[in-house]
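One file, run_18.pdb, carrying PDB, C-alpha atoms:
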```
ATOM      1  CA  MET A   1      26.811 -13.367  12.175
ATOM      2  CA  ALA A   2      26.969 -12.144   8.586
ATOM      3  CA  SER A   3      27.599  -8.657   7.273
ATOM      4  CA  SER A   4      26.968  -7.137   3.875
ATOM      5  CA  SER A   5      26.663  -3.697   2.315
ATOM      6  CA  SER A   6      24.009  -2.361  -0.017
ATOM      7  CA  GLY A   7      22.639   0.953  -1.175
ATOM      8  CA  PRO A   8      18.878   1.068  -1.499
ATOM      9  CA  SER A   9      17.163   4.045  -3.010
ATOM     10  CA  SER A  10      13.596   5.212  -3.333
ATOM     11  CA  SER A  11      12.259   7.802  -5.727
ATOM     12  CA  SER A  12       9.256  10.058  -5.802
ATOM     13  CA  SER A  13       6.265   8.411  -7.436
ATOM     14  CA  SER A  14       5.096  11.528  -9.226
ATOM     15  CA  SER A  15       5.484  15.262  -9.460
ATOM     16  CA  SER A  16       2.363  15.724  -7.367
ATOM     17  CA  ALA A  17       3.757  13.607  -4.574
ATOM     18  CA  SER A  18       7.382  14.706  -4.724
ATOM     19  CA  SER A  19       7.130  16.686  -1.527
ATOM     20  CA  ARG A  20       5.676  13.669   0.261
ATOM     21  CA  SER A  21       8.113  11.037  -1.026
ATOM     22  CA  PRO A  22      11.626  12.462  -1.161
ATOM     23  CA  SER A  23      14.209  10.265  -2.848
ATOM     24  CA  SER A  24      17.113   9.077  -0.765
ATOM     25  CA  SER A  25      20.164   6.872  -1.051
ATOM     26  CA  SER A  26      22.428   5.441   1.622
ATOM     27  CA  SER A  27      24.925   2.708   2.491
ATOM     28  CA  TYR A  28      24.598   0.648   5.617
ATOM     29  CA  GLU A  29      25.667  -2.566   7.342
ATOM     30  CA  VAL A  30      23.187  -5.438   7.642
ATOM     31  CA  PHE A  31      23.586  -7.953  10.478
ATOM     32  CA  ILE A  32      21.691 -11.231  10.608
ATOM     33  CA  ASN A  33      21.955 -13.575  13.579
ATOM     34  CA  PHE A  34      19.728 -16.648  13.732
ATOM     35  CA  ARG A  35      21.203 -18.090  16.911
ATOM     36  CA  GLY A  36      20.455 -15.819  19.837
ATOM     37  CA  PRO A  37      17.020 -14.869  21.142
ATOM     38  CA  ALA A  38      18.181 -11.250  21.439
ATOM     39  CA  THR A  39      17.802 -10.685  17.695
ATOM     40  CA  ARG A  40      14.164 -11.578  18.008
ATOM     41  CA  THR A  41      13.564  -9.063  20.758
ATOM     42  CA  ASN A  42      12.395  -5.691  19.544
ATOM     43  CA  PHE A  43      13.928  -4.003  22.604
ATOM     44  CA  ASP A  44      17.432  -5.148  21.621
ATOM     45  CA  VAL A  45      16.923  -3.971  18.060
ATOM     46  CA  ARG A  46      15.664  -0.541  19.081
ATOM     47  CA  HIS A  47      18.299   0.061  21.749
ATOM     48  CA  GLN A  48      21.244  -1.906  20.285
ATOM     49  CA  THR A  49      21.630  -4.088  23.363
ATOM     50  CA  GLY A  50      22.223  -7.837  23.593
ATOM     51  CA  SER A  51      23.887  -9.221  20.468
ATOM     52  CA  PHE A  52      23.732  -5.768  18.835
ATOM     53  CA  GLU A  53      25.785  -4.023  21.515
ATOM     54  CA  PHE A  54      29.322  -5.206  20.664
ATOM     55  CA  PRO A  55      29.045  -4.688  16.857
ATOM     56  CA  PHE A  56      27.950  -1.099  17.423
ATOM     57  CA  GLN A  57      30.835  -0.491  19.794
ATOM     58  CA  GLU A  58      33.122  -1.651  16.973
ATOM     59  CA  HIS A  59      31.328   0.617  14.497
ATOM     60  CA  GLN A  60      31.839   3.631  16.734
ATOM     61  CA  ARG A  61      35.586   3.041  16.530
ATOM     62  CA  LYS A  62      35.676   2.414  12.766
ATOM     63  CA  TYR A  63      33.103   4.762  11.273
ATOM     64  CA  LYS A  64      32.002   8.373  11.473
ATOM     65  CA  SER A  65      29.746   9.160  14.396
ATOM     66  CA  ASP A  66      27.089  10.613  12.047
ATOM     67  CA  ASP A  67      26.920   7.325  10.120
ATOM     68  CA  VAL A  68      26.643   5.226  13.275
ATOM     69  CA  GLU A  69      23.923   7.477  14.649
ATOM     70  CA  ARG A  70      21.993   7.143  11.390
ATOM     71  CA  TRP A  71      22.238   3.328  11.592
ATOM     72  CA  LYS A  72      21.009   3.408  15.188
ATOM     73  CA  ASN A  73      18.023   5.523  14.216
ATOM     74  CA  ALA A  74      17.255   3.134  11.375
ATOM     75  CA  LEU A  75      17.223   0.181  13.786
ATOM     76  CA  LYS A  76      14.942   2.085  16.145
ATOM     77  CA  GLU A  77      12.449   2.350  13.298
ATOM     78  CA  VAL A  78      12.927  -1.298  12.328
ATOM     79  CA  GLY A  79      12.254  -2.336  15.909
ATOM     80  CA  LYS A  80       8.773  -0.833  15.655
ATOM     81  CA  LEU A  81       7.844  -3.001  12.684
ATOM     82  CA  LYS A  82       6.073  -6.316  12.729
ATOM     83  CA  GLY A  83       7.983  -9.212  11.184
ATOM     84  CA  TRP A  84       8.550 -12.924  11.144
ATOM     85  CA  THR A  85       9.755 -14.705  14.288
ATOM     86  CA  LEU A  86      12.045 -17.714  14.625
ATOM     87  CA  LYS A  87      11.472 -19.829  17.703
ATOM     88  CA  GLY A  88      14.363 -20.743  19.955
ATOM     89  CA  ASP A  89      14.374 -24.348  18.720
ATOM     90  CA  ALA A  90      14.296 -23.359  15.027
ATOM     91  CA  THR A  91      16.067 -25.792  12.716
ATOM     92  CA  ILE A  92      18.283 -25.017   9.742
ATOM     93  CA  GLU A  93      15.285 -25.791   7.555
ATOM     94  CA  ASP A  94      13.179 -23.268   9.514
ATOM     95  CA  GLN A  95      15.854 -20.640   8.990
ATOM     96  CA  SER A  96      16.089 -21.443   5.291
ATOM     97  CA  ASN A  97      12.328 -21.223   4.885
ATOM     98  CA  LEU A  98      12.267 -17.858   6.635
ATOM     99  CA  VAL A  99      14.998 -16.477   4.378
ATOM    100  CA  GLU A 100      13.071 -17.705   1.332
ATOM    101  CA  LEU A 101       9.907 -16.036   2.639
ATOM    102  CA  ILE A 102      11.725 -12.732   3.135
ATOM    103  CA  VAL A 103      13.338 -12.921  -0.323
ATOM    104  CA  GLN A 104       9.978 -13.595  -1.987
ATOM    105  CA  ARG A 105       8.416 -10.701  -0.100
ATOM    106  CA  ALA A 106      11.268  -8.398  -1.120
ATOM    107  CA  LEU A 107      10.944  -9.428  -4.774
ATOM    108  CA  ARG A 108       7.219  -8.796  -4.653
ATOM    109  CA  GLU A 109       7.840  -5.314  -3.229
ATOM    110  CA  LEU A 110      10.346  -4.536  -5.991
ATOM    111  CA  LYS A 111       7.755  -5.411  -8.640
ATOM    112  CA  ARG A 112       5.320  -2.840  -7.248
ATOM    113  CA  THR A 113       5.510   0.428  -9.118
ATOM    114  CA  PRO A 114       3.572   3.711  -9.003
ATOM    115  CA  LEU A 115       0.694   4.249 -11.421
ATOM    116  CA  ASP A 116       1.046   6.623 -14.334
ATOM    117  CA  GLU A 117      -0.488  10.004 -13.662
ATOM    118  CA  CYS A 118      -1.706  12.854 -15.838
ATOM    119  CA  LYS A 119       0.945  15.065 -17.419
ATOM    120  CA  HIS A 120      -0.249  18.267 -15.734
ATOM    121  CA  PRO A 121      -1.698  17.455 -12.275
ATOM    122  CA  VAL A 122      -2.931  20.983 -11.602
ATOM    123  CA  GLY A 123      -4.672  21.324  -8.248
ATOM    124  CA  ILE A 124      -4.150  17.670  -7.342
ATOM    125  CA  ASP A 125      -2.290  18.376  -4.097
ATOM    126  CA  SER A 126      -5.330  20.005  -2.496
ATOM    127  CA  HIS A 127      -7.383  16.854  -3.128
ATOM    128  CA  ILE A 128      -4.652  14.642  -1.688
ATOM    129  CA  ASP A 129      -4.449  16.833   1.414
ATOM    130  CA  LYS A 130      -8.183  16.389   2.003
ATOM    131  CA  LEU A 131      -8.283  12.656   1.316
ATOM    132  CA  LEU A 132      -5.313  11.545   3.405
ATOM    133  CA  PRO A 133      -7.013  12.421   6.737
ATOM    134  CA  LEU A 134     -10.099  10.466   5.652
ATOM    135  CA  LEU A 135      -7.953   7.427   4.874
ATOM    136  CA  ASN A 136      -5.722   7.885   7.946
ATOM    137  CA  THR A 137      -3.416   4.968   7.151
ATOM    138  CA  GLY A 138      -1.860   5.144  10.616
ATOM    139  CA  PHE A 139      -4.838   3.348  12.164
ATOM    140  CA  ASP A 140      -5.504  -0.410  12.069
ATOM    141  CA  ASP A 141      -9.228  -0.163  11.338
ATOM    142  CA  VAL A 142     -10.789  -0.928   7.933
ATOM    143  CA  ARG A 143     -11.894   2.147   6.011
ATOM    144  CA  PHE A 144     -13.942   2.748   2.869
ATOM    145  CA  VAL A 145     -13.651   6.142   1.161
ATOM    146  CA  ALA A 146     -15.625   7.141  -1.944
ATOM    147  CA  ILE A 147     -14.641   9.906  -4.371
ATOM    148  CA  CYS A 148     -17.911  11.099  -5.924
ATOM    149  CA  GLY A 149     -18.648  13.527  -8.735
ATOM    150  CA  MET A 150     -19.691  13.983 -12.331
ATOM    151  CA  GLY A 151     -17.768  12.500 -15.228
ATOM    152  CA  GLY A 152     -14.649  14.388 -16.316
ATOM    153  CA  LEU A 153     -14.057  15.880 -12.873
ATOM    154  CA  GLY A 154     -10.821  13.937 -12.444
ATOM    155  CA  LYS A 155     -11.863  11.275  -9.918
ATOM    156  CA  THR A 156      -9.623   8.598 -11.421
ATOM    157  CA  THR A 157      -6.704  11.044 -11.588
ATOM    158  CA  ILE A 158      -7.198  11.890  -7.920
ATOM    159  CA  ALA A 159      -7.422   8.207  -6.977
ATOM    160  CA  LYS A 160      -4.178   7.454  -8.828
ATOM    161  CA  ALA A 161      -2.366  10.303  -7.098
ATOM    162  CA  VAL A 162      -3.556   9.161  -3.670
ATOM    163  CA  TYR A 163      -2.614   5.562  -4.515
ATOM    164  CA  ASN A 164       0.925   6.631  -5.411
ATOM    165  CA  CYS A 165       1.245   8.502  -2.123
ATOM    166  CA  ILE A 166       0.266   5.610   0.142
ATOM    167  CA  PHE A 167       0.574   2.247  -1.634
ATOM    168  CA  ARG A 168       3.929   1.412  -0.078
ATOM    169  CA  SER A 169       2.304   1.590   3.360
ATOM    170  CA  PHE A 170       0.432  -1.615   2.491
ATOM    171  CA  ASN A 171       1.578  -5.189   1.995
ATOM    172  CA  VAL A 172      -0.264  -5.480  -1.316
ATOM    173  CA  SER A 173      -2.398  -3.254  -3.519
ATOM    174  CA  SER A 174      -4.759  -3.387  -6.468
ATOM    175  CA  PHE A 175      -6.217  -0.706  -8.742
ATOM    176  CA  LEU A 176      -9.218  -2.070 -10.651
ATOM    177  CA  ILE A 177      -9.929   0.451 -13.380
ATOM    178  CA  ASP A 178     -13.213   0.744 -15.358
ATOM    179  CA  VAL A 179     -15.241  -1.488 -13.046
ATOM    180  CA  ARG A 180     -18.514  -0.280 -14.592
ATOM    181  CA  GLU A 181     -17.465  -1.168 -18.129
ATOM    182  CA  GLU A 182     -16.098  -4.577 -17.157
ATOM    183  CA  ALA A 183     -19.125  -5.457 -15.020
ATOM    184  CA  SER A 184     -21.483  -4.586 -17.900
ATOM    185  CA  GLN A 185     -20.506  -7.962 -19.414
ATOM    186  CA  GLY A 186     -22.442  -9.725 -16.669
ATOM    187  CA  ASN A 187     -21.044 -12.808 -14.923
ATOM    188  CA  LYS A 188     -18.051 -12.924 -17.280
ATOM    189  CA  GLY A 189     -17.101  -9.364 -16.384
ATOM    190  CA  PHE A 190     -17.509  -9.871 -12.625
ATOM    191  CA  VAL A 191     -15.387 -13.020 -12.741
ATOM    192  CA  SER A 192     -12.696 -11.188 -14.730
ATOM    193  CA  LEU A 193     -12.549  -8.439 -12.086
ATOM    194  CA  GLN A 194     -12.379 -10.975  -9.262
ATOM    195  CA  LYS A 195      -9.542 -12.829 -10.977
ATOM    196  CA  ARG A 196      -7.614  -9.584 -11.469
ATOM    197  CA  LEU A 197      -8.042  -8.750  -7.799
ATOM    198  CA  LEU A 198      -6.842 -12.168  -6.628
ATOM    199  CA  LYS A 199      -3.876 -11.949  -8.981
ATOM    200  CA  ASP A 200      -2.907  -8.493  -7.703
ATOM    201  CA  ILE A 201      -3.362  -9.300  -4.028
ATOM    202  CA  LEU A 202      -2.279 -12.920  -3.721
ATOM    203  CA  ASP A 203      -0.504 -13.529  -7.045
ATOM    204  CA  MET A 204      -2.932 -16.381  -7.666
ATOM    205  CA  ASP A 205      -4.547 -17.545 -10.906
ATOM    206  CA  GLU A 206      -7.834 -19.006  -9.727
ATOM    207  CA  ASP A 207     -10.338 -21.008 -11.774
ATOM    208  CA  ILE A 208     -13.597 -19.173 -11.012
ATOM    209  CA  SER A 209     -16.783 -20.248 -12.781
ATOM    210  CA  ASN A 210     -19.198 -17.613 -11.425
ATOM    211  CA  SER A 211     -19.174 -14.411  -9.410
ATOM    212  CA  SER A 212     -20.742 -16.026  -6.329
ATOM    213  CA  GLN A 213     -17.851 -18.454  -6.125
ATOM    214  CA  GLY A 214     -15.427 -15.587  -6.648
ATOM    215  CA  SER A 215     -16.994 -13.553  -3.837
ATOM    216  CA  LYS A 216     -16.669 -16.459  -1.399
ATOM    217  CA  LEU A 217     -13.040 -16.907  -2.390
ATOM    218  CA  LEU A 218     -12.303 -13.209  -1.900
ATOM    219  CA  GLU A 219     -14.031 -13.194   1.481
ATOM    220  CA  LYS A 220     -11.856 -16.117   2.533
ATOM    221  CA  ARG A 221      -8.546 -14.728   1.262
ATOM    222  CA  LEU A 222      -8.527 -10.916   1.460
ATOM    223  CA  HIS A 223      -8.249 -10.635   5.255
ATOM    224  CA  ARG A 224      -4.799 -12.242   5.193
ATOM    225  CA  GLU A 225      -3.020  -9.089   4.040
ATOM    226  CA  LYS A 226      -2.983  -5.349   4.699
ATOM    227  CA  ILE A 227      -4.550  -4.247   1.419
ATOM    228  CA  LEU A 228      -5.026  -1.038  -0.520
ATOM    229  CA  LEU A 229      -7.856  -1.560  -3.012
ATOM    230  CA  ILE A 230      -9.087   0.992  -5.550
ATOM    231  CA  LEU A 231     -12.399   0.325  -7.326
ATOM    232  CA  ASP A 232     -12.586   2.823 -10.176
ATOM    233  CA  ASP A 233     -15.868   3.927 -11.790
ATOM    234  CA  VAL A 234     -18.401   1.948  -9.761
ATOM    235  CA  ASP A 235     -22.060   2.552 -10.624
ATOM    236  CA  ASN A 236     -23.937  -0.307  -8.970
ATOM    237  CA  TYR A 237     -23.999  -1.762  -5.451
ATOM    238  CA  LYS A 238     -23.685  -5.283  -6.930
ATOM    239  CA  GLN A 239     -20.161  -4.401  -8.031
ATOM    240  CA  LEU A 240     -19.246  -3.594  -4.431
ATOM    241  CA  ASP A 241     -20.886  -6.801  -3.244
ATOM    242  CA  ALA A 242     -18.783  -8.851  -5.671
ATOM    243  CA  LEU A 243     -15.441  -7.153  -5.025
ATOM    244  CA  ALA A 244     -15.552  -5.718  -1.480
ATOM    245  CA  GLY A 245     -18.549  -7.337   0.173
ATOM    246  CA  GLY A 246     -18.014  -6.137   3.711
ATOM    247  CA  ILE A 247     -15.595  -4.864   6.322
ATOM    248  CA  ASN A 248     -15.235  -8.428   7.608
ATOM    249  CA  TRP A 249     -13.632  -9.360   4.270
ATOM    250  CA  PHE A 250     -10.570  -7.271   5.140
ATOM    251  CA  GLY A 251      -7.823  -7.434   7.741
ATOM    252  CA  GLN A 252      -6.387  -4.732   9.980
ATOM    253  CA  GLY A 253      -5.321  -1.526   8.300
ATOM    254  CA  CYS A 254      -6.973  -2.172   4.918
ATOM    255  CA  ARG A 255      -8.253   0.746   2.845
ATOM    256  CA  VAL A 256     -10.798   0.650   0.007
ATOM    257  CA  ILE A 257     -11.157   3.687  -2.271
ATOM    258  CA  ILE A 258     -14.143   3.879  -4.621
ATOM    259  CA  THR A 259     -14.682   6.339  -7.449
ATOM    260  CA  THR A 260     -18.240   6.831  -8.672
ATOM    261  CA  ARG A 261     -20.361   9.372 -10.521
ATOM    262  CA  ASP A 262     -23.399   8.741  -8.344
ATOM    263  CA  ASP A 263     -23.117   8.235  -4.609
ATOM    264  CA  HIS A 264     -26.660   6.816  -4.566
ATOM    265  CA  CYS A 265     -25.192   3.472  -5.620
ATOM    266  CA  LEU A 266     -23.425   3.471  -2.249
ATOM    267  CA  ASN A 267     -26.581   3.927  -0.172
ATOM    268  CA  VAL A 268     -27.036   0.209   0.458
ATOM    269  CA  HIS A 269     -23.512   0.031   1.859
ATOM    270  CA  LYS A 270     -23.085   3.330   3.713
ATOM    271  CA  ALA A 271     -24.397   2.069   7.047
ATOM    272  CA  VAL A 272     -22.683  -1.307   6.892
ATOM    273  CA  LYS A 273     -19.297  -0.123   5.629
ATOM    274  CA  ASP A 274     -19.373   3.397   7.085
ATOM    275  CA  ILE A 275     -18.265   4.784   3.728
ATOM    276  CA  LYS A 276     -16.762   8.266   3.951
ATOM    277  CA  ILE A 277     -17.680  10.492   1.009
ATOM    278  CA  TYR A 278     -15.358  13.001  -0.651
ATOM    279  CA  LYS A 279     -16.812  15.256  -3.363
ATOM    280  CA  PRO A 280     -14.069  17.143  -5.218
ATOM    281  CA  LYS A 281     -14.992  20.592  -6.476
ATOM    282  CA  GLU A 282     -14.273  21.901  -9.949
ATOM    283  CA  LEU A 283     -11.024  23.732 -10.607
ATOM    284  CA  ILE A 284     -10.931  27.327  -9.476
ATOM    285  CA  THR A 285     -10.292  30.038 -12.083
ATOM    286  CA  GLU A 286      -6.591  30.251 -11.231
ATOM    287  CA  ASN A 287      -6.163  26.510 -11.831
ATOM    288  CA  TYR A 288      -8.107  26.684 -15.102
ATOM    289  CA  LEU A 289      -5.766  29.394 -16.382
ATOM    290  CA  GLN A 290      -2.701  27.439 -15.282
ATOM    291  CA  LEU A 291      -3.958  24.270 -16.985
ATOM    292  CA  PHE A 292      -4.813  26.184 -20.167
ATOM    293  CA  SER A 293      -1.343  27.740 -20.236
ATOM    294  CA  LEU A 294       0.370  24.384 -19.798
ATOM    295  CA  HIS A 295      -1.529  22.883 -22.732
ATOM    296  CA  ALA A 296      -1.445  25.954 -24.978
ATOM    297  CA  PHE A 297       2.244  26.802 -24.632
ATOM    298  CA  GLN A 298       3.884  23.433 -24.096
TER
END
```
Whole structure, structure tokens version:
Amino acid sequence: MASSSSGPSSSSSSSSASSRSPSSSSSYEVFINFRGPATRTNFDVRHQTGSFEFPFQEHQRKYKSDDVERWKNALKEVGKLKGWTLKGDATIEDQSNLVELIVQRALRELKRTPLDECKHPVGIDSHIDKLLPLLNTGFDDVRFVAICGMGGLGKTTIAKAVYNCIFRSFNVSSFLIDVREEASQGNKGFVSLQKRLLKDILDMDEDISNSSQGSKLLEKRLHREKILLILDDVDNYKQLDALAGGINWFGQGCRVIITTRDDHCLNVHKAVKDIKIYKPKELITENYLQLFSLHAFQ
């Protein structure tokens, strides 16, 4: 059994999401045991029984009761999570490979950062509050949500704010901005978008010659991960076909957010994908005055 100390911290992704993502910092003990089957049993993790029982009895003698209780609560949460399992006959090589897998996953998580948001996100919280129930990230189904409205309404800003609120709930994420502009280049543009998506999701640089090949590759690969995908400024159903062809492309818990000026381009897909539509309203007078003040007197 090995023990080490570390102090992870997480910070709010933006001013608009500060109330949803409070920063925190703590020190804790980490125990890894590859030998006993108890460590691979969620019950033992959640309730600190089996190989966890004696170390926690020692902790109760050495540390403050508040600290020990916090560690117990943390393990209860960990016990609810899905992870990687080592079989009882696992070899040293199996253990080494698992550690490498976990390290690579941790490094990938550390590389993920929030998107930049507008300087004065006036009224953004109300949009987030309305979109989060539509996305409902607590369920394992696949959901498509479209943010629709005229240009300049702030659809991309809203999508970025929502992304920053929920992206850490997913294994991987991708925000494809200016889909309409990129796709206007024809096959070259579609292929470029597909390559960006594969790079974001799977960290793969694929040699794709045409969009049909890219679509088949995406269909084959996307379902492997719990994905958050944002398709920004879509104006044609062919763009959806090339980048998010169908619900069967995605695995459990995936969410696809689309921003578009015209929801008519979604008509072909509404029945198949069950796309939920959100149409943000213009700022109310109070918000207009607040935004004007922020820009005029900064």
Quick one: residues within 7 Å of region 224-229 of chain A, all atoms listed in the file, excluding same-chain residues fewer than 4 positions away - as a short mmCIF file (atom, residue, chain, number, x, y, z; two decimals) with C-alpha atoms, keeping the file's coordinate frame?
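Writing the result to out13.cif gives the following:
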```
data_model
loop_
_atom_site.label_atom_id
_atom_site.label_comp_id
_atom_site.auth_asym_id
_atom_site.auth_seq_id
_atom_site.Cartn_x
_atom_site.Cartn_y
_atom_site.Cartn_z
CA PHE A 167 0.57 2.25 -1.63
CA PHE A 170 0.43 -1.62 2.49
CA ASN A 171 1.58 -5.19 2.00
CA VAL A 172 -0.26 -5.48 -1.32
CA SER A 173 -2.40 -3.25 -3.52
CA SER A 174 -4.76 -3.39 -6.47
CA PHE A 175 -6.22 -0.71 -8.74
CA GLY A 251 -7.82 -7.43 7.74
CA GLN A 252 -6.39 -4.73 9.98
CA GLY A 253 -5.32 -1.53 8.30
CA CYS A 254 -6.97 -2.17 4.92
CA ARG A 255 -8.25 0.75 2.84
CA VAL A 256 -10.80 0.65 0.01
CA ILE A 257 -11.16 3.69 -2.27
#
```
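For the pair CA of Glu100 (chain A) and CA of Ala74 (chain A), the separation is 23.5 Å.
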* To do: Could you check how far CA of Asp200 (chain A) sits from CA of Asp235 (chain A), in Å to one decimal?
  =>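 It comes out at 22.3 Å.
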* To do: Run the PyMOL selection byres ((chain A and resi 206-223) around 9) mentally over the shown coordinates, then write out the matched residues as a PyMOL selection string, using the chain letters and numbers from the document.
  => chain A and resi 187-192+194-195+197-199+201-202+204-205+224-227+241-246+248-252+254
* Quick one: pull the distance between CA of Gly154 (chain A) and CA of Leu266 (chain A), Å, one decimal. => 19.3 Å
* **Protein and nucleic acid residues near (-13.9, 10.7, -5.4) (cut-off 9 Å, all atoms listed in the file) as a PyMOL selection string** => chain A and resi 131+145-149+154-156+158-159+257-261+277-280
Generate the coordinates of N, CA and C atoms for region 61-76 of chain A; report them as an mmCIF file, in the frame of the given file.
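Listed below is the output, selection.cif:
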```cif
data_model
loop_
_atom_site.group_PDB
_atom_site.id
_atom_site.type_symbol
_atom_site.label_atom_id
_atom_site.label_comp_id
_atom_site.auth_asym_id
_atom_site.auth_seq_id
_atom_site.Cartn_x
_atom_site.Cartn_y
_atom_site.Cartn_z
ATOM 1 N N ARG A 61 34.141 2.861 16.661
ATOM 2 C CA ARG A 61 35.586 3.041 16.530
ATOM 3 C C ARG A 61 36.007 3.156 15.060
ATOM 4 N N LYS A 62 35.260 2.512 14.170
ATOM 5 C CA LYS A 62 35.676 2.414 12.766
ATOM 6 C C LYS A 62 35.053 3.471 11.858
ATOM 7 N N TYR A 63 33.839 3.904 12.198
ATOM 8 C CA TYR A 63 33.103 4.762 11.273
ATOM 9 C C TYR A 63 32.810 6.137 11.877
ATOM 10 N N LYS A 64 32.363 7.025 11.020
ATOM 11 C CA LYS A 64 32.002 8.373 11.473
ATOM 12 C C LYS A 64 30.805 8.303 12.410
ATOM 13 N N SER A 65 30.817 9.176 13.398
ATOM 14 C CA SER A 65 29.746 9.160 14.396
ATOM 15 C C SER A 65 28.377 9.446 13.765
ATOM 16 N N ASP A 66 28.353 10.300 12.717
ATOM 17 C CA ASP A 66 27.089 10.613 12.047
ATOM 18 C C ASP A 66 26.508 9.364 11.381
ATOM 19 N N ASP A 67 27.377 8.549 10.775
ATOM 20 C CA ASP A 67 26.920 7.325 10.120
ATOM 21 C C ASP A 67 26.356 6.340 11.141
ATOM 22 N N VAL A 68 27.079 6.167 12.233
ATOM 23 C CA VAL A 68 26.643 5.226 13.275
ATOM 24 C C VAL A 68 25.306 5.669 13.868
ATOM 25 N N GLU A 69 25.168 6.961 14.084
ATOM 26 C CA GLU A 69 23.923 7.477 14.649
ATOM 27 C C GLU A 69 22.757 7.240 13.686
ATOM 28 N N ARG A 70 23.029 7.386 12.382
ATOM 29 C CA ARG A 70 21.993 7.143 11.390
ATOM 30 C C ARG A 70 21.569 5.672 11.394
ATOM 31 N N TRP A 71 22.558 4.758 11.537
ATOM 32 C CA TRP A 71 22.238 3.328 11.592
ATOM 33 C C TRP A 71 21.417 3.008 12.839
ATOM 34 N N LYS A 72 21.769 3.633 13.955
ATOM 35 C CA LYS A 72 21.009 3.408 15.188
ATOM 36 C C LYS A 72 19.561 3.860 15.032
ATOM 37 N N ASN A 73 19.378 5.020 14.429
ATOM 38 C CA ASN A 73 18.023 5.523 14.216
ATOM 39 C C ASN A 73 17.225 4.613 13.294
ATOM 40 N N ALA A 74 17.926 4.054 12.292
ATOM 41 C CA ALA A 74 17.255 3.134 11.375
ATOM 42 C C ALA A 74 16.783 1.881 12.113
ATOM 43 N N LEU A 75 17.608 1.362 13.021
ATOM 44 C CA LEU A 75 17.223 0.181 13.786
ATOM 45 C C LEU A 75 16.087 0.477 14.760
ATOM 46 N N LYS A 76 16.059 1.711 15.272
ATOM 47 C CA LYS A 76 14.942 2.085 16.145
ATOM 48 C C LYS A 76 13.624 1.999 15.392
#
```
